[in-house]
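In what follows, a structure is listed as structure tokens, so that the remarks can point back to it.
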Amino acid sequence: MDELRLLEAEYKELLDEQRFIGAELDYSVAERHIRFLQQLSEVGNSGITLFDMNKREHIFTSYNFSNLFGFDLDAAEQSGTSYFNSRVHPADLIDLSKTGNMLLRYMYRMPADERKNYKLINEYRILNNEGKYIRVIEQHQALELDDQGNIWLAIGVIDLSPDQGEFHGVKYQLLNFVTGELVCPAPAADKSVCLTPREREILHLIRDGFLSKEISDRLSISVHTVNTHRQRILEKLNAGNSMEAVNYAARLGLLF
């Protein structure tokens, strides 16, 4: 069994850990969300999906996936998740599967009342209607829980990344958008993008135009320490320079 199939099997096992009572799920709630998401997709330039963890299928896919990304909506409706996966670059699909499984394990461990506070932000490649891979930024979050605290409905929002330059692999961030905290659910050996509070503080100052010496004076640390943090920020964000790092972090919602 290849790596992707192992990851898919692991994902199914993780889904099985949630036990839904179908009769207790109020699908009028899902219908209200769908009506709102339809309206939102009509005025926005984002592809939007709503995934039902009980049915294990997308119960809503916005029509603009066709003109934004060249998706075949009939095929998407018939094949569901497998069609969406077929559009992802094969190398990126493995990394995304690992990240998704890791996130589910992390969410299962936290108190149920906190599960709607987190947003997973991925950047990866998908195939467009011209047969070319383009970079997109996708945001996932739990939208509704059932009465037992299981994650029931999850929303996905996909946008074309403004950075279509050289690709350096899948990037992801897990953000608590209530507190602004960037969370690191991955093992230390994982090459995940995860900035420390000090690195985020320095990135804020870089965004505001402060030079290394000025940051050094402001934070009462040496210029060498500032430059070390700057280098680590570039490495973690796969950025070529400080402004690229600032712009990428801003797109991910990490700079408030």
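In the structure tokens, chains take letters A, B, ... by order of appearance, with residues numbered from 1 within each chain and ligands from 1 in the order shown.
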
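For stretch 65-81 of chain A, the residues within 10 Å (counting only C-alpha atoms, excluding itself and residues fewer than 3 positions away along the chain) are Ser41, Asn45, Ser46, Gly47, Ile48, Thr49, Phe51, Arg56, Glu57, His58, Ile59, Phe60, Thr61, Ser62, Phe84, Asn85, Ser86, Arg87, Ile126, Leu127, Asn128, Asn129, Glu130, Gly131, Ile134, Val136, Ile158, Asp159 and Leu160 of chain A.
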
Polymer residues at most 9 Å from stretch 161-163 of chain A, only C-alpha atoms, same-chain spacing of 4 or more positions, as a PDB file with N, CA, C and O atoms, in the first residue's frame:
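The result, written out as out.pdb:
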ATOM      1  N   GLU A 123      -1.295  26.542   1.678  1.00  0.00           N
ATOM      2  CA  GLU A 123      -0.967  27.031   0.338  1.00  0.00           C
ATOM      3  C   GLU A 123      -0.371  25.862  -0.437  1.00  0.00           C
ATOM      4  O   GLU A 123       0.567  25.215   0.034  1.00  0.00           O
ATOM      5  N   ILE A 134      -1.380  25.938 -10.587  1.00  0.00           N
ATOM      6  CA  ILE A 134      -1.395  27.281 -10.017  1.00  0.00           C
ATOM      7  C   ILE A 134      -1.423  27.183  -8.504  1.00  0.00           C
ATOM      8  O   ILE A 134      -1.871  26.182  -7.936  1.00  0.00           O
ATOM      9  N   ARG A 135      -0.947  28.210  -7.829  1.00  0.00           N
ATOM     10  CA  ARG A 135      -0.904  28.217  -6.368  1.00  0.00           C
ATOM     11  C   ARG A 135      -2.184  28.809  -5.811  1.00  0.00           C
ATOM     12  O   ARG A 135      -2.669  29.844  -6.278  1.00  0.00           O
ATOM     13  N   VAL A 136      -2.739  28.144  -4.804  1.00  0.00           N
ATOM     14  CA  VAL A 136      -3.949  28.628  -4.141  1.00  0.00           C
ATOM     15  C   VAL A 136      -3.728  28.651  -2.632  1.00  0.00           C
ATOM     16  O   VAL A 136      -2.858  27.955  -2.095  1.00  0.00           O
ATOM     17  N   ILE A 137      -4.507  29.471  -1.967  1.00  0.00           N
ATOM     18  CA  ILE A 137      -4.534  29.523  -0.503  1.00  0.00           C
ATOM     19  C   ILE A 137      -5.916  29.061  -0.057  1.00  0.00           C
ATOM     20  O   ILE A 137      -6.930  29.579  -0.517  1.00  0.00           O
ATOM     21  N   TYR A 248       3.486  37.422   2.765  1.00  0.00           N
ATOM     22  CA  TYR A 248       2.916  36.081   2.912  1.00  0.00           C
ATOM     23  C   TYR A 248       2.207  35.937   4.248  1.00  0.00           C
ATOM     24  O   TYR A 248       1.087  35.411   4.329  1.00  0.00           O
ATOM     25  N   ARG A 251      -1.131  37.634   4.171  1.00  0.00           N
ATOM     26  CA  ARG A 251      -2.162  36.885   3.436  1.00  0.00           C
ATOM     27  C   ARG A 251      -2.734  35.771   4.294  1.00  0.00           C
ATOM     28  O   ARG A 251      -3.895  35.389   4.151  1.00  0.00           O
TER      29      ARG A 251
END

Please identify the strand (DSSP E or B) residues within stretch 12-190 of chain A (assignment by DSSP from backbone atoms) and present them as a tab-separated table (two decimals) with all heavy atoms, in the first residue's frame.
chain	number	residue	atom	x	y	z
A	47	GLY	N	-13.59	30.32	-4.05
A	47	GLY	CA	-14.31	29.07	-4.14
A	47	GLY	C	-14.67	28.60	-2.75
A	47	GLY	O	-13.82	28.63	-1.85
A	48	ILE	N	-15.92	28.20	-2.52
A	48	ILE	CA	-16.38	27.85	-1.18
A	48	ILE	C	-17.00	26.46	-1.18
A	48	ILE	O	-17.77	26.11	-2.08
A	48	ILE	CB	-17.42	28.87	-0.67
A	48	ILE	CG1	-16.85	30.29	-0.73
A	48	ILE	CG2	-17.87	28.53	0.75
A	48	ILE	CD1	-17.86	31.37	-0.39
A	49	THR	N	-16.65	25.67	-0.19
A	49	THR	CA	-17.25	24.35	-0.03
A	49	THR	C	-17.76	24.19	1.40
A	49	THR	O	-17.27	24.85	2.32
A	49	THR	CB	-16.26	23.20	-0.31
A	49	THR	OG1	-15.20	23.25	0.66
A	49	THR	CG2	-15.67	23.32	-1.70
A	50	LEU	N	-18.73	23.31	1.56
A	50	LEU	CA	-19.22	22.95	2.89
A	50	LEU	C	-19.18	21.43	2.97
A	50	LEU	O	-19.81	20.74	2.16
A	50	LEU	CB	-20.64	23.46	3.12
A	50	LEU	CG	-21.20	23.29	4.54
A	50	LEU	CD1	-20.37	24.10	5.53
A	50	LEU	CD2	-22.66	23.73	4.60
A	51	PHE	N	-18.40	20.92	3.93
A	51	PHE	CA	-18.22	19.47	4.05
A	51	PHE	C	-18.98	18.96	5.25
A	51	PHE	O	-18.91	19.52	6.35
A	51	PHE	CB	-16.74	19.14	4.21
A	51	PHE	CG	-16.43	17.67	4.11
A	51	PHE	CD1	-16.39	17.04	2.89
A	51	PHE	CD2	-16.20	16.91	5.26
A	51	PHE	CE1	-16.12	15.67	2.78
A	51	PHE	CE2	-15.92	15.56	5.17
A	51	PHE	CZ	-15.88	14.94	3.93
A	52	ASP	N	-19.74	17.90	5.04
A	52	ASP	CA	-20.55	17.26	6.08
A	52	ASP	C	-19.77	16.05	6.61
A	52	ASP	O	-19.60	15.06	5.90
A	52	ASP	CB	-21.89	16.82	5.48
A	52	ASP	CG	-22.85	16.24	6.51
A	52	ASP	OD1	-22.37	15.72	7.54
A	52	ASP	OD2	-24.06	16.28	6.27
A	57	GLU	N	-19.20	13.97	2.86
A	57	GLU	CA	-19.25	14.47	1.49
A	57	GLU	C	-19.44	15.98	1.50
A	57	GLU	O	-19.89	16.56	2.50
A	57	GLU	CB	-20.40	13.82	0.72
A	57	GLU	CG	-21.76	14.14	1.29
A	57	GLU	CD	-22.90	13.43	0.56
A	57	GLU	OE1	-22.67	12.30	0.08
A	57	GLU	OE2	-24.01	13.99	0.48
A	58	HIS	N	-19.07	16.60	0.36
A	58	HIS	CA	-19.33	18.03	0.20
A	58	HIS	C	-20.82	18.21	-0.11
A	58	HIS	O	-21.32	17.65	-1.10
A	58	HIS	CB	-18.49	18.60	-0.94
A	58	HIS	CG	-17.02	18.65	-0.65
A	58	HIS	ND1	-16.16	17.62	-0.96
A	58	HIS	CD2	-16.26	19.60	-0.06
A	58	HIS	CE1	-14.94	17.94	-0.59
A	58	HIS	NE2	-14.97	19.13	-0.03
A	59	ILE	N	-21.50	18.96	0.72
A	59	ILE	CA	-22.92	19.20	0.48
A	59	ILE	C	-23.14	20.55	-0.21
A	59	ILE	O	-24.27	20.89	-0.56
A	59	ILE	CB	-23.74	19.10	1.78
A	59	ILE	CG1	-23.24	20.10	2.83
A	59	ILE	CG2	-23.71	17.68	2.33
A	59	ILE	CD1	-24.11	20.14	4.09
A	60	PHE	N	-22.06	21.29	-0.39
A	60	PHE	CA	-22.14	22.53	-1.16
A	60	PHE	C	-20.79	22.81	-1.79
A	60	PHE	O	-19.75	22.72	-1.15
A	60	PHE	CB	-22.53	23.72	-0.27
A	60	PHE	CG	-22.43	25.05	-0.97
A	60	PHE	CD1	-23.37	25.41	-1.92
A	60	PHE	CD2	-21.38	25.93	-0.70
A	60	PHE	CE1	-23.28	26.63	-2.60
A	60	PHE	CE2	-21.29	27.14	-1.36
A	60	PHE	CZ	-22.24	27.50	-2.31
A	61	THR	N	-20.82	23.14	-3.08
A	61	THR	CA	-19.64	23.59	-3.82
A	61	THR	C	-20.07	24.79	-4.64
A	61	THR	O	-21.01	24.69	-5.45
A	61	THR	CB	-19.10	22.49	-4.76
A	61	THR	OG1	-18.76	21.33	-4.00
A	61	THR	CG2	-17.87	22.99	-5.51
A	88	VAL	N	-5.28	18.32	-7.25
A	88	VAL	CA	-4.13	18.76	-6.45
A	88	VAL	C	-2.86	18.12	-6.99
A	88	VAL	O	-2.86	16.95	-7.39
A	88	VAL	CB	-4.32	18.39	-4.96
A	88	VAL	CG1	-3.11	18.82	-4.14
A	88	VAL	CG2	-5.60	19.03	-4.42
A	118	TYR	N	-10.50	27.76	15.55
A	118	TYR	CA	-9.25	27.54	14.82
A	118	TYR	C	-9.47	27.51	13.32
A	118	TYR	O	-10.50	27.06	12.82
A	118	TYR	CB	-8.60	26.22	15.26
A	118	TYR	CG	-8.04	26.31	16.66
A	118	TYR	CD1	-8.87	26.10	17.77
A	118	TYR	CD2	-6.71	26.62	16.88
A	118	TYR	CE1	-8.37	26.20	19.05
A	118	TYR	CE2	-6.20	26.72	18.16
A	118	TYR	CZ	-7.03	26.50	19.24
A	118	TYR	OH	-6.55	26.60	20.51
A	119	LYS	N	-8.46	27.99	12.60
A	119	LYS	CA	-8.49	28.04	11.15
A	119	LYS	C	-7.18	27.45	10.62
A	119	LYS	O	-6.09	27.88	11.00
A	119	LYS	CB	-8.65	29.47	10.67
A	119	LYS	CG	-8.68	29.66	9.16
A	119	LYS	CD	-8.72	31.13	8.80
A	119	LYS	CE	-9.98	31.79	9.29
A	119	LYS	NZ	-10.06	33.20	8.82
A	120	LEU	N	-7.31	26.45	9.75
A	120	LEU	CA	-6.15	25.88	9.08
A	120	LEU	C	-5.99	26.56	7.73
A	120	LEU	O	-6.93	26.60	6.94
A	120	LEU	CB	-6.31	24.37	8.88
A	120	LEU	CG	-5.19	23.67	8.09
A	120	LEU	CD1	-3.87	23.72	8.85
A	120	LEU	CD2	-5.57	22.22	7.77
A	121	ILE	N	-4.80	27.09	7.46
A	121	ILE	CA	-4.54	27.82	6.23
A	121	ILE	C	-3.44	27.10	5.46
A	121	ILE	O	-2.31	26.97	5.96
A	121	ILE	CB	-4.13	29.27	6.51
A	121	ILE	CG1	-5.12	29.94	7.47
A	121	ILE	CG2	-4.03	30.07	5.21
A	121	ILE	CD1	-4.66	31.25	8.04
A	122	ASN	N	-3.77	26.61	4.28
A	122	ASN	CA	-2.81	25.89	3.44
A	122	ASN	C	-2.51	26.67	2.17
A	122	ASN	O	-3.40	27.35	1.64
A	122	ASN	CB	-3.37	24.52	3.01
A	122	ASN	CG	-3.57	23.56	4.16
A	122	ASN	OD1	-2.71	23.43	5.01
A	122	ASN	ND2	-4.71	22.89	4.18
A	123	GLU	N	-1.29	26.54	1.68
A	123	GLU	CA	-0.97	27.03	0.34
A	123	GLU	C	-0.37	25.86	-0.44
A	123	GLU	O	0.57	25.21	0.03
A	123	GLU	CB	0.01	28.20	0.38
A	123	GLU	CG	0.31	28.73	-1.02
A	123	GLU	CD	1.03	30.06	-1.03
A	123	GLU	OE1	1.17	30.67	0.05
A	123	GLU	OE2	1.46	30.50	-2.12
A	124	TYR	N	-0.93	25.59	-1.63
A	124	TYR	CA	-0.50	24.44	-2.41
A	124	TYR	C	-0.87	24.66	-3.87
A	124	TYR	O	-1.35	25.74	-4.25
A	124	TYR	CB	-1.13	23.15	-1.87
A	124	TYR	CG	-2.65	23.14	-1.88
A	124	TYR	CD1	-3.35	22.55	-2.93
A	124	TYR	CD2	-3.38	23.72	-0.84
A	124	TYR	CE1	-4.74	22.53	-2.95
A	124	TYR	CE2	-4.77	23.71	-0.86
A	124	TYR	CZ	-5.43	23.12	-1.91
A	124	TYR	OH	-6.81	23.11	-1.93
A	125	ARG	N	-0.68	23.64	-4.71
A	125	ARG	CA	-0.91	23.77	-6.15
A	125	ARG	C	-2.09	22.92	-6.61
A	125	ARG	O	-2.25	21.78	-6.16
A	125	ARG	CB	0.34	23.34	-6.92
A	125	ARG	CG	1.54	24.22	-6.72
A	125	ARG	CD	2.81	23.57	-7.25
A	125	ARG	NE	3.19	22.40	-6.44
A	125	ARG	CZ	4.27	21.65	-6.67
A	125	ARG	NH1	5.07	21.94	-7.68
A	125	ARG	NH2	4.54	20.62	-5.89
A	126	ILE	N	-2.90	23.50	-7.52
A	126	ILE	CA	-3.97	22.75	-8.16
A	126	ILE	C	-3.86	22.92	-9.68
A	126	ILE	O	-3.25	23.87	-10.17
A	126	ILE	CB	-5.37	23.18	-7.69
A	126	ILE	CG1	-5.66	24.63	-8.08
A	126	ILE	CG2	-5.54	22.96	-6.20
A	126	ILE	CD1	-7.10	25.04	-7.84
A	127	LEU	N	-4.47	22.00	-10.40
A	127	LEU	CA	-4.45	22.02	-11.86
A	127	LEU	C	-5.61	22.87	-12.37
A	127	LEU	O	-6.76	22.67	-11.99
A	127	LEU	CB	-4.60	20.58	-12.39
A	127	LEU	CG	-4.29	20.34	-13.86
A	127	LEU	CD1	-2.81	20.58	-14.16
A	127	LEU	CD2	-4.68	18.90	-14.23
A	133	TYR	N	-0.36	24.01	-13.28
A	133	TYR	CA	-0.54	24.07	-11.84
A	133	TYR	C	-0.41	25.51	-11.36
A	133	TYR	O	0.54	26.21	-11.72
A	133	TYR	CB	0.49	23.19	-11.13
A	133	TYR	CG	0.13	21.72	-11.19
A	133	TYR	CD1	0.79	20.86	-12.07
A	133	TYR	CD2	-0.89	21.20	-10.39
A	133	TYR	CE1	0.44	19.51	-12.15
A	133	TYR	CE2	-1.24	19.87	-10.46
A	133	TYR	CZ	-0.58	19.03	-11.33
A	133	TYR	OH	-0.93	17.70	-11.41
A	134	ILE	N	-1.38	25.94	-10.59
A	134	ILE	CA	-1.40	27.28	-10.02
A	134	ILE	C	-1.42	27.18	-8.50
A	134	ILE	O	-1.87	26.18	-7.94
A	134	ILE	CB	-2.62	28.09	-10.51
A	134	ILE	CG1	-3.93	27.34	-10.18
A	134	ILE	CG2	-2.51	28.37	-12.00
A	134	ILE	CD1	-5.18	28.12	-10.51
A	135	ARG	N	-0.95	28.21	-7.83
A	135	ARG	CA	-0.90	28.22	-6.37
A	135	ARG	C	-2.18	28.81	-5.81
A	135	ARG	O	-2.67	29.84	-6.28
A	135	ARG	CB	0.30	29.03	-5.88
A	135	ARG	CG	1.61	28.42	-6.26
A	135	ARG	CD	2.78	29.35	-6.03
A	135	ARG	NE	2.97	29.63	-4.60
A	135	ARG	CZ	4.12	30.13	-4.13
A	135	ARG	NH1	5.13	30.38	-4.94
A	135	ARG	NH2	4.24	30.36	-2.84
A	136	VAL	N	-2.74	28.14	-4.80
A	136	VAL	CA	-3.95	28.63	-4.14
A	136	VAL	C	-3.73	28.65	-2.63
A	136	VAL	O	-2.86	27.95	-2.09
A	136	VAL	CB	-5.18	27.75	-4.46
A	136	VAL	CG1	-5.54	27.84	-5.93
A	136	VAL	CG2	-4.94	26.30	-4.05
A	137	ILE	N	-4.51	29.47	-1.97
A	137	ILE	CA	-4.53	29.52	-0.50
A	137	ILE	C	-5.92	29.06	-0.06
A	137	ILE	O	-6.93	29.58	-0.52
A	137	ILE	CB	-4.25	30.93	0.02
A	137	ILE	CG1	-2.81	31.34	-0.31
A	137	ILE	CG2	-4.47	31.00	1.53
A	137	ILE	CD1	-2.45	32.75	0.11
A	138	GLU	N	-5.94	28.07	0.82
A	138	GLU	CA	-7.20	27.48	1.27
A	138	GLU	C	-7.31	27.60	2.79
A	138	GLU	O	-6.35	27.34	3.51
A	138	GLU	CB	-7.26	26.01	0.86
A	138	GLU	CG	-8.55	25.31	1.27
A	138	GLU	CD	-8.60	23.88	0.76
A	138	GLU	OE1	-7.53	23.23	0.73
A	138	GLU	OE2	-9.67	23.43	0.40
A	139	GLN	N	-8.50	28.01	3.25
A	139	GLN	CA	-8.76	28.14	4.68
A	139	GLN	C	-9.86	27.16	5.07
A	139	GLN	O	-10.90	27.09	4.42
A	139	GLN	CB	-9.18	29.56	5.02
A	139	GLN	CG	-8.15	30.60	4.62
A	139	GLN	CD	-8.59	32.01	4.97
A	139	GLN	OE1	-8.95	32.30	6.11
A	139	GLN	NE2	-8.55	32.89	3.99
A	140	HIS	N	-9.62	26.41	6.15
A	140	HIS	CA	-10.59	25.44	6.67
A	140	HIS	C	-10.93	25.79	8.12
A	140	HIS	O	-10.02	26.13	8.89
A	140	HIS	CB	-10.01	24.02	6.66
A	140	HIS	CG	-9.97	23.37	5.31
A	140	HIS	ND1	-11.10	22.94	4.66
A	140	HIS	CD2	-8.94	23.08	4.50
A	140	HIS	CE1	-10.76	22.40	3.51
A	140	HIS	NE2	-9.45	22.49	3.38
A	141	GLN	N	-12.18	25.65	8.48
A	141	GLN	CA	-12.54	25.76	9.89
A	141	GLN	C	-13.86	25.05	10.17
A	141	GLN	O	-14.68	24.86	9.26
A	141	GLN	CB	-12.63	27.23	10.33
A	141	GLN	CG	-13.77	28.01	9.74
A	141	GLN	CD	-13.72	29.48	10.14
A	141	GLN	OE1	-12.98	30.25	9.56
A	141	GLN	NE2	-14.50	29.84	11.13
A	142	ALA	N	-14.02	24.63	11.40
A	142	ALA	CA	-15.27	24.00	11.82
A	142	ALA	C	-16.36	25.06	11.89
A	142	ALA	O	-16.17	26.12	12.49
A	142	ALA	CB	-15.09	23.33	13.18
A	143	LEU	N	-17.49	24.77	11.26
A	143	LEU	CA	-18.59	25.73	11.24
A	143	LEU	C	-19.70	25.35	12.22
A	143	LEU	O	-20.30	26.21	12.85
A	143	LEU	CB	-19.15	25.81	9.82
A	143	LEU	CG	-20.15	26.93	9.51
A	143	LEU	CD1	-19.51	28.29	9.74
A	143	LEU	CD2	-20.64	26.81	8.07
A	144	GLU	N	-19.95	24.06	12.36
A	144	GLU	CA	-21.00	23.59	13.28
A	144	GLU	C	-20.52	22.31	13.98
A	144	GLU	O	-19.89	21.45	13.36
A	144	GLU	CB	-22.30	23.30	12.55
A	144	GLU	CG	-23.02	24.50	12.00
A	144	GLU	CD	-23.66	25.38	13.08
A	144	GLU	OE1	-23.81	24.88	14.23
A	144	GLU	OE2	-24.00	26.52	12.78
A	145	LEU	N	-20.86	22.19	15.26
A	145	LEU	CA	-20.65	20.97	16.04
A	145	LEU	C	-22.01	20.34	16.34
A	145	LEU	O	-23.03	21.04	16.35
A	145	LEU	CB	-19.94	21.28	17.35
A	145	LEU	CG	-18.65	22.11	17.30
A	145	LEU	CD1	-18.09	22.29	18.71
A	145	LEU	CD2	-17.61	21.48	16.40
A	151	ILE	N	-17.23	17.54	15.35
A	151	ILE	CA	-17.16	18.49	14.25
A	151	ILE	C	-18.09	17.98	13.16
A	151	ILE	O	-17.84	16.93	12.55
A	151	ILE	CB	-15.73	18.64	13.73
A	151	ILE	CG1	-14.80	19.11	14.86
A	151	ILE	CG2	-15.68	19.63	12.56
A	151	ILE	CD1	-13.32	19.03	14.51
A	152	TRP	N	-19.14	18.70	12.89
A	152	TRP	CA	-20.17	18.26	11.95
A	152	TRP	C	-19.97	18.91	10.57
A	152	TRP	O	-19.73	18.23	9.57
A	152	TRP	CB	-21.55	18.56	12.51
A	152	TRP	CG	-22.69	18.35	11.56
A	152	TRP	CD1	-22.73	17.45	10.53
A	152	TRP	CD2	-23.94	19.04	11.55
A	152	TRP	NE1	-23.94	17.54	9.87
A	152	TRP	CE2	-24.69	18.50	10.48
A	152	TRP	CE3	-24.49	20.05	12.34
A	152	TRP	CZ2	-25.98	18.96	10.18
A	152	TRP	CZ3	-25.77	20.50	12.05
A	152	TRP	CH2	-26.51	19.96	10.99
A	153	LEU	N	-20.07	20.23	10.49
A	153	LEU	CA	-19.93	20.95	9.22
A	153	LEU	C	-18.63	21.73	9.22
A	153	LEU	O	-18.30	22.41	10.20
A	153	LEU	CB	-21.10	21.91	9.01
A	153	LEU	CG	-22.50	21.28	8.97
A	153	LEU	CD1	-23.55	22.38	8.83
A	153	LEU	CD2	-22.62	20.27	7.84
A	154	ALA	N	-17.89	21.63	8.12
A	154	ALA	CA	-16.62	22.35	7.99
A	154	ALA	C	-16.63	23.14	6.68
A	154	ALA	O	-17.03	22.62	5.64
A	154	ALA	CB	-15.45	21.37	8.00
A	155	ILE	N	-16.20	24.38	6.76
A	155	ILE	CA	-16.17	25.25	5.58
A	155	ILE	C	-14.76	25.32	5.02
A	155	ILE	O	-13.78	25.31	5.77
A	155	ILE	CB	-16.70	26.67	5.93
A	155	ILE	CG1	-16.77	27.54	4.68
A	155	ILE	CG2	-15.84	27.33	6.98
A	155	ILE	CD1	-17.42	28.89	4.92
A	156	GLY	N	-14.67	25.35	3.70
A	156	GLY	CA	-13.39	25.55	3.03
A	156	GLY	C	-13.50	26.73	2.07
A	156	GLY	O	-14.49	26.84	1.33
A	157	VAL	N	-12.52	27.63	2.10
A	157	VAL	CA	-12.52	28.80	1.22
A	157	VAL	C	-11.19	28.82	0.47
A	157	VAL	O	-10.12	28.82	1.09
A	157	VAL	CB	-12.69	30.12	2.01
A	157	VAL	CG1	-12.66	31.32	1.06
A	157	VAL	CG2	-13.98	30.10	2.82
A	158	ILE	N	-11.24	28.80	-0.86
A	158	ILE	CA	-10.03	28.73	-1.68
A	158	ILE	C	-9.91	29.99	-2.54
A	158	ILE	O	-10.87	30.39	-3.21
A	158	ILE	CB	-10.04	27.49	-2.60
A	158	ILE	CG1	-10.23	26.21	-1.79
A	158	ILE	CG2	-8.75	27.41	-3.41
A	158	ILE	CD1	-10.25	24.95	-2.63
A	159	ASP	N	-8.73	30.59	-2.49
A	159	ASP	CA	-8.43	31.77	-3.29
A	159	ASP	C	-7.17	31.54	-4.11
A	159	ASP	O	-6.26	30.82	-3.67
A	159	ASP	CB	-8.21	33.00	-2.39
A	159	ASP	CG	-9.45	33.39	-1.63
A	159	ASP	OD1	-10.37	33.94	-2.27
A	159	ASP	OD2	-9.51	33.16	-0.41
A	160	LEU	N	-7.10	32.18	-5.25
A	160	LEU	CA	-5.88	32.16	-6.03
A	160	LEU	C	-4.81	32.93	-5.27
A	160	LEU	O	-5.04	34.04	-4.81
A	160	LEU	CB	-6.12	32.82	-7.39
A	160	LEU	CG	-4.96	32.80	-8.38
A	160	LEU	CD1	-4.65	31.39	-8.83
A	160	LEU	CD2	-5.28	33.69	-9.58
A	171	LYS	N	2.71	24.99	2.31
A	171	LYS	CA	2.85	25.78	3.54
A	171	LYS	C	1.54	25.67	4.31
A	171	LYS	O	0.46	25.62	3.72
A	171	LYS	CB	3.13	27.25	3.22
A	171	LYS	CG	4.40	27.49	2.41
A	171	LYS	CD	4.54	28.97	2.08
A	171	LYS	CE	5.76	29.24	1.22
A	171	LYS	NZ	5.89	30.68	0.87
A	172	TYR	N	1.63	25.66	5.61
A	172	TYR	CA	0.40	25.67	6.40
A	172	TYR	C	0.59	26.41	7.71
A	172	TYR	O	1.70	26.51	8.23
A	172	TYR	CB	-0.13	24.26	6.66
A	172	TYR	CG	0.61	23.47	7.71
A	172	TYR	CD1	0.27	23.59	9.06
A	172	TYR	CD2	1.63	22.59	7.36
A	172	TYR	CE1	0.93	22.87	10.02
A	172	TYR	CE2	2.30	21.87	8.32
A	172	TYR	CZ	1.95	22.01	9.65
A	172	TYR	OH	2.61	21.29	10.60
A	173	GLN	N	-0.50	26.95	8.20
A	173	GLN	CA	-0.55	27.62	9.49
A	173	GLN	C	-1.84	27.20	10.19
A	173	GLN	O	-2.88	27.05	9.53
A	173	GLN	CB	-0.57	29.15	9.33
A	173	GLN	CG	0.61	29.73	8.59
A	173	GLN	CD	1.80	29.96	9.50
A	173	GLN	OE1	1.79	29.59	10.66
A	173	GLN	NE2	2.83	30.58	8.97
A	174	LEU	N	-1.78	26.99	11.48
A	174	LEU	CA	-2.99	26.76	12.28
A	174	LEU	C	-3.13	27.95	13.21
A	174	LEU	O	-2.27	28.18	14.07
A	174	LEU	CB	-2.89	25.45	13.08
A	174	LEU	CG	-4.13	25.12	13.92
A	174	LEU	CD1	-5.37	25.00	13.04
A	174	LEU	CD2	-3.92	23.85	14.71
A	175	LEU	N	-4.20	28.70	13.01
A	175	LEU	CA	-4.38	29.96	13.71
A	175	LEU	C	-5.62	29.93	14.60
A	175	LEU	O	-6.69	29.51	14.16
A	175	LEU	CB	-4.52	31.08	12.67
A	175	LEU	CG	-4.78	32.50	13.20
A	175	LEU	CD1	-3.54	33.03	13.90
A	175	LEU	CD2	-5.17	33.42	12.05
A	176	ASN	N	-5.45	30.34	15.86
A	176	ASN	CA	-6.59	30.61	16.72
A	176	ASN	C	-7.00	32.05	16.43
A	176	ASN	O	-6.33	32.98	16.88
A	176	ASN	CB	-6.23	30.42	18.19
A	176	ASN	CG	-7.41	30.62	19.12
A	176	ASN	OD1	-8.24	31.49	18.91
A	176	ASN	ND2	-7.49	29.82	20.17
A	181	GLU	N	-3.35	33.58	18.35
A	181	GLU	CA	-2.21	32.68	18.61
A	181	GLU	C	-1.99	31.75	17.43
A	181	GLU	O	-2.92	31.16	16.88
A	181	GLU	CB	-2.49	31.86	19.86
A	181	GLU	CG	-1.40	30.84	20.18
A	181	GLU	CD	-1.80	29.89	21.30
A	181	GLU	OE1	-2.96	29.96	21.76
A	181	GLU	OE2	-0.95	29.09	21.71
A	182	LEU	N	-0.72	31.60	17.04
A	182	LEU	CA	-0.33	30.63	16.03
A	182	LEU	C	0.04	29.35	16.73
A	182	LEU	O	0.91	29.33	17.61
A	182	LEU	CB	0.85	31.16	15.22
A	182	LEU	CG	1.31	30.29	14.06
A	182	LEU	CD1	0.21	30.21	13.01
A	182	LEU	CD2	2.58	30.85	13.46
A	183	VAL	N	-0.63	28.26	16.38
A	183	VAL	CA	-0.48	26.99	17.10
A	183	VAL	C	0.41	26.05	16.31
A	183	VAL	O	0.38	26.02	15.08
A	183	VAL	CB	-1.86	26.34	17.33
A	183	VAL	CG1	-1.74	25.05	18.11
A	183	VAL	CG2	-2.78	27.31	18.06

Could you produce a table of the residues of stretch 78-130 of chain A lying within 9 Å of stretch 11-20 of chain A, with the nearest pair of atoms per residue and their separation in Å rounded to one decimal, using only C-alpha atoms, ordered by chain and increasing residue number, as JSON lines?
{"residue": "A:Ser97", "atom": "CA", "partner": "A:Tyr11", "partner_atom": "CA", "distance": 8.0}
{"residue": "A:Gly100", "atom": "CA", "partner": "A:Tyr11", "partner_atom": "CA", "distance": 8.1}
{"residue": "A:Asn101", "atom": "CA", "partner": "A:Tyr11", "partner_atom": "CA", "distance": 5.9}
{"residue": "A:Leu104", "atom": "CA", "partner": "A:Leu14", "partner_atom": "CA", "distance": 7.2}
{"residue": "A:Arg105", "atom": "CA", "partner": "A:Leu14", "partner_atom": "CA", "distance": 7.4}
{"residue": "A:Tyr108", "atom": "CA", "partner": "A:Glu17", "partner_atom": "CA", "distance": 8.9}

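Remark: for A:Asn227, the closest of the candidate residues A:Asp208, A:Glu166, A:Asp113, A:Glu214 is A:Glu214 (distances computed over only C-alpha atoms).
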
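For the residues A:Asn247, A:Asn64, A:Gln164, A:Asn54, ranking by smallest atom-to-atom distance to A:Gln39 using only C-alpha atoms places A:Asn64 first.
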
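Between atom CA of A:Asp92 and atom CA of A:Leu4 there is a distance of 10.8 Å.
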